[in-house]
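**Student:** Take a look at the following structure, please.
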Amino acid sequence: MVNSEAKADAYSLAVPIEIRFRDIDGMGHVNNAVYLTYFENARIAYWRAVPGVRSRRNLDYILARAECDFRSPVTLDDRLVCHIRVASFGRTSFAFEYLLRDGPTGRVVAEGRTVQVMYDCAARRAEPLDPGVKAAIEQFEGRAIPSRT
């Protein structure tokens, strides 16, 4: 098994996640649907961290796919950190990967992946990923991002 600290080091950003009382279900742990909100919070923090990609015009995308593998239950007492990175580029899309851990223990609680498609809302169609956005992401990540074409 891969050490969770080493695994976390492969991600470009670590975002603290606040567990709210409303996140907890009748079983006393975070409801499964809330994990996608945690991933969304990490995406927001990611865009705030990437220099040069602040323009909303460059970031018109829709969420096309969301996956979450649950590894361990989360309670109100846990202190979560969501690690996020861009995993790949497509012609009109890109994929984020997530590693959600309990910060103090390093225990992996979930892993996820989302696919975002660049989208022209007025024309109602996918559009190519902006080369400037790709370049800014690669610079932030400090590595070349593989393409799936």
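Residues in the structure tokens are numbered from 1 in each chain, the chains being A, B, ... in the order shown, and ligands are numbered from 1 in the order shown.
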What's around region 21-37 of chain A at 9 Å? Count only C-alpha atoms, leave out sequence neighbours fewer than 3 positions away in its own chain, and write the answer as a compact mmCIF listing (two decimals) with all heavy atoms, in the first residue's frame.

**Tutor:**
```
# COMPACT_ATOMS: atom_id res chain seq x y z
N GLU A 40 -15.92 20.18 -4.69
CA GLU A 40 -16.23 21.48 -5.28
C GLU A 40 -15.47 22.60 -4.57
O GLU A 40 -14.91 23.50 -5.21
CB GLU A 40 -17.73 21.73 -5.22
CG GLU A 40 -18.15 23.07 -5.78
CD GLU A 40 -19.64 23.31 -5.66
OE1 GLU A 40 -20.24 22.89 -4.66
OE2 GLU A 40 -20.21 23.91 -6.58
N ASN A 41 -15.42 22.54 -3.24
CA ASN A 41 -14.67 23.54 -2.48
C ASN A 41 -13.19 23.52 -2.86
O ASN A 41 -12.56 24.57 -2.96
CB ASN A 41 -14.83 23.31 -0.97
CG ASN A 41 -16.22 23.63 -0.49
OD1 ASN A 41 -16.97 24.36 -1.13
ND2 ASN A 41 -16.59 23.07 0.65
N ALA A 42 -12.65 22.34 -3.09
CA ALA A 42 -11.25 22.23 -3.51
C ALA A 42 -11.06 22.83 -4.90
O ALA A 42 -10.05 23.50 -5.16
CB ALA A 42 -10.80 20.77 -3.49
N ALA A 66 -18.58 12.76 -12.27
CA ALA A 66 -18.04 12.81 -10.91
C ALA A 66 -17.98 11.39 -10.35
O ALA A 66 -18.95 10.64 -10.46
CB ALA A 66 -18.91 13.69 -10.02
N GLU A 67 -16.82 11.05 -9.80
CA GLU A 67 -16.62 9.73 -9.20
C GLU A 67 -16.09 9.92 -7.79
O GLU A 67 -15.29 10.84 -7.55
CB GLU A 67 -15.59 8.92 -9.98
CG GLU A 67 -15.89 8.73 -11.44
CD GLU A 67 -14.70 8.14 -12.19
OE1 GLU A 67 -13.80 7.52 -11.57
OE2 GLU A 67 -14.66 8.31 -13.42
N CYS A 68 -16.49 9.06 -6.89
CA CYS A 68 -15.97 9.11 -5.53
C CYS A 68 -15.87 7.68 -4.98
O CYS A 68 -16.86 6.94 -5.01
CB CYS A 68 -16.88 9.95 -4.62
SG CYS A 68 -16.22 10.15 -2.96
N PHE A 70 -15.22 5.80 -1.59
CA PHE A 70 -15.21 6.02 -0.15
C PHE A 70 -14.29 5.00 0.51
O PHE A 70 -14.41 3.80 0.25
CB PHE A 70 -16.64 5.91 0.41
CG PHE A 70 -17.60 6.84 -0.28
CD1 PHE A 70 -18.42 6.40 -1.30
CD2 PHE A 70 -17.66 8.17 0.09
CE1 PHE A 70 -19.30 7.25 -1.95
CE2 PHE A 70 -18.53 9.05 -0.55
CZ PHE A 70 -19.35 8.59 -1.56
N PRO A 73 -15.10 6.15 7.03
CA PRO A 73 -16.11 7.13 7.46
C PRO A 73 -15.48 8.37 8.08
O PRO A 73 -14.40 8.32 8.65
CB PRO A 73 -16.95 6.38 8.49
CG PRO A 73 -16.33 5.06 8.69
CD PRO A 73 -15.17 4.91 7.77
N VAL A 74 -16.20 9.48 7.95
CA VAL A 74 -15.76 10.77 8.50
C VAL A 74 -16.79 11.22 9.53
O VAL A 74 -17.99 11.15 9.28
CB VAL A 74 -15.63 11.83 7.38
CG1 VAL A 74 -15.32 13.20 7.96
CG2 VAL A 74 -14.57 11.42 6.38
N THR A 75 -16.31 11.70 10.67
CA THR A 75 -17.19 12.24 11.70
C THR A 75 -16.89 13.72 11.90
O THR A 75 -15.92 14.26 11.34
CB THR A 75 -17.01 11.50 13.05
OG1 THR A 75 -15.72 11.81 13.57
CG2 THR A 75 -17.20 10.00 12.89
N LEU A 76 -17.68 14.36 12.73
CA LEU A 76 -17.51 15.78 13.01
C LEU A 76 -16.16 16.08 13.66
O LEU A 76 -15.64 17.19 13.56
CB LEU A 76 -18.66 16.25 13.91
CG LEU A 76 -18.95 17.73 13.99
CD1 LEU A 76 -19.18 18.33 12.61
CD2 LEU A 76 -20.17 17.98 14.86
N LEU A 100 -8.89 12.89 -0.37
CA LEU A 100 -9.46 13.47 0.84
C LEU A 100 -8.94 12.68 2.03
O LEU A 100 -9.13 11.46 2.10
CB LEU A 100 -10.99 13.42 0.76
CG LEU A 100 -11.78 14.21 1.79
CD1 LEU A 100 -11.47 15.70 1.73
CD2 LEU A 100 -13.28 13.99 1.57
N ALA A 110 -11.40 9.31 1.23
CA ALA A 110 -12.03 9.18 -0.08
C ALA A 110 -11.04 9.60 -1.16
O ALA A 110 -10.12 10.38 -0.91
CB ALA A 110 -13.28 10.04 -0.17
N GLY A 112 -11.34 10.77 -5.46
CA GLY A 112 -12.34 11.10 -6.46
C GLY A 112 -11.73 11.65 -7.74
O GLY A 112 -10.53 11.93 -7.82
```

**Student:** Could you pull out the residues in region 8-112 of chain A that DSSP calls strand (DSSP E or B) from the backbone, as a PyMOL selection string?

**Tutor:** chain A and resi 13-17+24+30+61-70+80-89+93-102+108-112

**Student:** Please report, as CSV, each residue of region 5-58 of chain A lying at most 7 Å from region 80-83 of chain A, together with the nearest pair of atoms and the separation in Å rounded to one decimal; use only C-alpha atoms, and order rows by chain and ascending residue number.

**Tutor:**
```
residue,atom,partner,partner_atom,distance
A:Ala8,CA,A:His83,CA,6.5
A:Tyr11,CA,A:His83,CA,5.8
A:Leu13,CA,A:His83,CA,5.6
A:Ala14,CA,A:His83,CA,4.3
A:Val15,CA,A:Cys82,CA,5.1
A:Pro16,CA,A:Val81,CA,4.4
A:Ile17,CA,A:Leu80,CA,5.2
A:Ala42,CA,A:Cys82,CA,6.4
```

**Student:** Considering only C-alpha atoms, state which residue in the set A:Ala136, A:Met118, A:Leu99, A:Ala123 is at the smallest distance from Ser4 (chain A).

**Tutor:**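 Smallest separation from Ser4 (chain A) among the options: A:Leu99.
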
**Student:** Excluding Leu63 (chain A) and its own-chain neighbours fewer than 4 positions away, which residues fall within 10 Å of it when counting only C-alpha atoms? Please give them as a PyMOL selection string.

**Tutor:** chain A and resi 93+95+114-119

**Student:** Write out as a PyMOL selection string the residues lying within 10 Å of Gly132 (chain A), counting only C-alpha atoms and excluding same-chain residues fewer than 5 positions away.

**Tutor:** chain A and resi 52-53+58+137-138

**Student:** Rounded to one decimal, what separation in Å do you get between CA of Ala49 (chain A) and CA of Asp130 (chain A)?

**Tutor:**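 That distance, rounded to one decimal, is 18.0 Å.
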
**Student:** List every residue of chain A that DSSP, applied to the backbone of this structure, places in alpha helix (DSSP H), and write the result as a PyMOL selection string.

**Tutor:** chain A and resi 4-9+34-49+131-141

**Student:** Based on the selection just made, write N, CA and C atoms of those residues as an mmCIF file, in the first residue's frame.

**Tutor:**
```
data_model
loop_
_atom_site.group_PDB
_atom_site.id
_atom_site.type_symbol
_atom_site.label_atom_id
_atom_site.label_comp_id
_atom_site.auth_asym_id
_atom_site.auth_seq_id
_atom_site.Cartn_x
_atom_site.Cartn_y
_atom_site.Cartn_z
ATOM 1 N N SER A 4 0.226 7.309 2.596
ATOM 2 C CA SER A 4 -0.696 8.407 2.255
ATOM 3 C C SER A 4 0.013 9.753 2.183
ATOM 4 N N GLU A 5 1.088 9.943 2.965
ATOM 5 C CA GLU A 5 1.849 11.199 2.876
ATOM 6 C C GLU A 5 2.532 11.316 1.523
ATOM 7 N N ALA A 6 3.149 10.230 1.069
ATOM 8 C CA ALA A 6 3.809 10.238 -0.233
ATOM 9 C C ALA A 6 2.781 10.447 -1.336
ATOM 10 N N LYS A 7 1.637 9.812 -1.196
ATOM 11 C CA LYS A 7 0.577 9.965 -2.182
ATOM 12 C C LYS A 7 0.090 11.420 -2.226
ATOM 13 N N ALA A 8 -0.069 12.036 -1.072
ATOM 14 C CA ALA A 8 -0.532 13.432 -0.997
ATOM 15 C C ALA A 8 0.475 14.379 -1.630
ATOM 16 N N ASP A 9 1.750 14.063 -1.540
ATOM 17 C CA ASP A 9 2.788 14.917 -2.122
ATOM 18 C C ASP A 9 2.671 15.030 -3.642
ATOM 19 N N VAL A 34 -22.159 14.634 0.412
ATOM 20 C CA VAL A 34 -21.418 15.828 0.816
ATOM 21 C C VAL A 34 -19.979 15.814 0.289
ATOM 22 N N TYR A 35 -19.444 14.632 0.014
ATOM 23 C CA TYR A 35 -18.069 14.540 -0.479
ATOM 24 C C TYR A 35 -17.905 15.317 -1.785
ATOM 25 N N LEU A 36 -18.930 15.311 -2.636
ATOM 26 C CA LEU A 36 -18.840 16.069 -3.889
ATOM 27 C C LEU A 36 -18.786 17.571 -3.625
ATOM 28 N N THR A 37 -19.421 18.018 -2.547
ATOM 29 C CA THR A 37 -19.316 19.431 -2.151
ATOM 30 C C THR A 37 -17.892 19.731 -1.683
ATOM 31 N N TYR A 38 -17.288 18.809 -0.962
ATOM 32 C CA TYR A 38 -15.894 18.996 -0.545
ATOM 33 C C TYR A 38 -14.983 19.107 -1.767
ATOM 34 N N PHE A 39 -15.232 18.268 -2.780
ATOM 35 C CA PHE A 39 -14.446 18.357 -4.020
ATOM 36 C C PHE A 39 -14.678 19.704 -4.704
ATOM 37 N N GLU A 40 -15.919 20.176 -4.692
ATOM 38 C CA GLU A 40 -16.228 21.477 -5.285
ATOM 39 C C GLU A 40 -15.471 22.596 -4.566
ATOM 40 N N ASN A 41 -15.418 22.536 -3.241
ATOM 41 C CA ASN A 41 -14.666 23.540 -2.476
ATOM 42 C C ASN A 41 -13.190 23.517 -2.860
ATOM 43 N N ALA A 42 -12.651 22.339 -3.090
ATOM 44 C CA ALA A 42 -11.248 22.227 -3.512
ATOM 45 C C ALA A 42 -11.055 22.833 -4.904
ATOM 46 N N ARG A 43 -12.029 22.623 -5.808
ATOM 47 C CA ARG A 43 -11.929 23.227 -7.150
ATOM 48 C C ARG A 43 -11.910 24.744 -7.066
ATOM 49 N N ILE A 44 -12.760 25.311 -6.238
ATOM 50 C CA ILE A 44 -12.795 26.769 -6.075
ATOM 51 C C ILE A 44 -11.440 27.276 -5.581
ATOM 52 N N ALA A 45 -10.897 26.611 -4.569
ATOM 53 C CA ALA A 45 -9.586 27.002 -4.033
ATOM 54 C C ALA A 45 -8.493 26.841 -5.089
ATOM 55 N N TYR A 46 -8.602 25.806 -5.907
ATOM 56 C CA TYR A 46 -7.615 25.574 -6.967
ATOM 57 C C TYR A 46 -7.567 26.766 -7.916
ATOM 58 N N TRP A 47 -8.737 27.213 -8.395
ATOM 59 C CA TRP A 47 -8.754 28.333 -9.343
ATOM 60 C C TRP A 47 -8.257 29.618 -8.702
ATOM 61 N N ARG A 48 -8.488 29.781 -7.415
ATOM 62 C CA ARG A 48 -7.961 30.964 -6.726
ATOM 63 C C ARG A 48 -6.440 30.910 -6.613
ATOM 64 N N ALA A 49 -5.890 29.708 -6.605
ATOM 65 C CA ALA A 49 -4.443 29.536 -6.430
ATOM 66 C C ALA A 49 -3.663 29.627 -7.745
ATOM 67 N N PRO A 131 -5.698 27.445 -24.696
ATOM 68 C CA PRO A 131 -4.276 27.137 -24.511
ATOM 69 C C PRO A 131 -3.639 27.914 -23.351
ATOM 70 N N GLY A 132 -4.100 29.155 -23.118
ATOM 71 C CA GLY A 132 -3.569 29.943 -22.002
ATOM 72 C C GLY A 132 -3.926 29.335 -20.652
ATOM 73 N N VAL A 133 -5.122 28.779 -20.549
ATOM 74 C CA VAL A 133 -5.537 28.104 -19.313
ATOM 75 C C VAL A 133 -4.691 26.856 -19.109
ATOM 76 N N LYS A 134 -4.500 26.082 -20.178
ATOM 77 C CA LYS A 134 -3.662 24.883 -20.083
ATOM 78 C C LYS A 134 -2.255 25.237 -19.617
ATOM 79 N N ALA A 135 -1.683 26.270 -20.200
ATOM 80 C CA ALA A 135 -0.320 26.689 -19.840
ATOM 81 C C ALA A 135 -0.249 27.138 -18.372
ATOM 82 N N ALA A 136 -1.248 27.890 -17.918
ATOM 83 C CA ALA A 136 -1.273 28.348 -16.526
ATOM 84 C C ALA A 136 -1.386 27.172 -15.561
ATOM 85 N N ILE A 137 -2.197 26.182 -15.918
ATOM 86 C CA ILE A 137 -2.338 24.995 -15.075
ATOM 87 C C ILE A 137 -1.019 24.237 -15.002
ATOM 88 N N GLU A 138 -0.386 24.025 -16.141
ATOM 89 C CA GLU A 138 0.889 23.294 -16.146
ATOM 90 C C GLU A 138 1.964 24.038 -15.365
ATOM 91 N N GLN A 139 1.968 25.345 -15.472
ATOM 92 C CA GLN A 139 2.944 26.119 -14.708
ATOM 93 C C GLN A 139 2.667 25.967 -13.213
ATOM 94 N N PHE A 140 1.410 26.058 -12.803
ATOM 95 C CA PHE A 140 1.047 25.900 -11.398
ATOM 96 C C PHE A 140 1.378 24.497 -10.901
ATOM 97 N N GLU A 141 1.069 23.490 -11.711
ATOM 98 C CA GLU A 141 1.320 22.100 -11.332
ATOM 99 C C GLU A 141 2.823 21.766 -11.329
#
```

**Student:** Taking only C-alpha atoms into account, name the residue in A:Glu111, A:Arg20, A:Ala122, A:Asp60 that is nearest to Asp77 (chain A).

**Tutor:**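 Under the stated criterion, the closest residue is A:Arg20.
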
**Student:** Work out how far CA of Ser12 (chain A) is from CA of Leu129 (chain A), in Å to one decimal.

**Tutor:**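 Going from CA of Leu129 (chain A) over to CA of Ser12 (chain A) covers 20.3 Å.
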
**Student:** From the list A:Val109, A:Ile19, A:Ala87, A:Cys121, which residue is nearest Arg143 (chain A) when using only C-alpha atoms?

**Tutor:**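 Nearest candidate to Arg143 (chain A) out of A:Val109, A:Ile19, A:Ala87, A:Cys121: A:Ala87.
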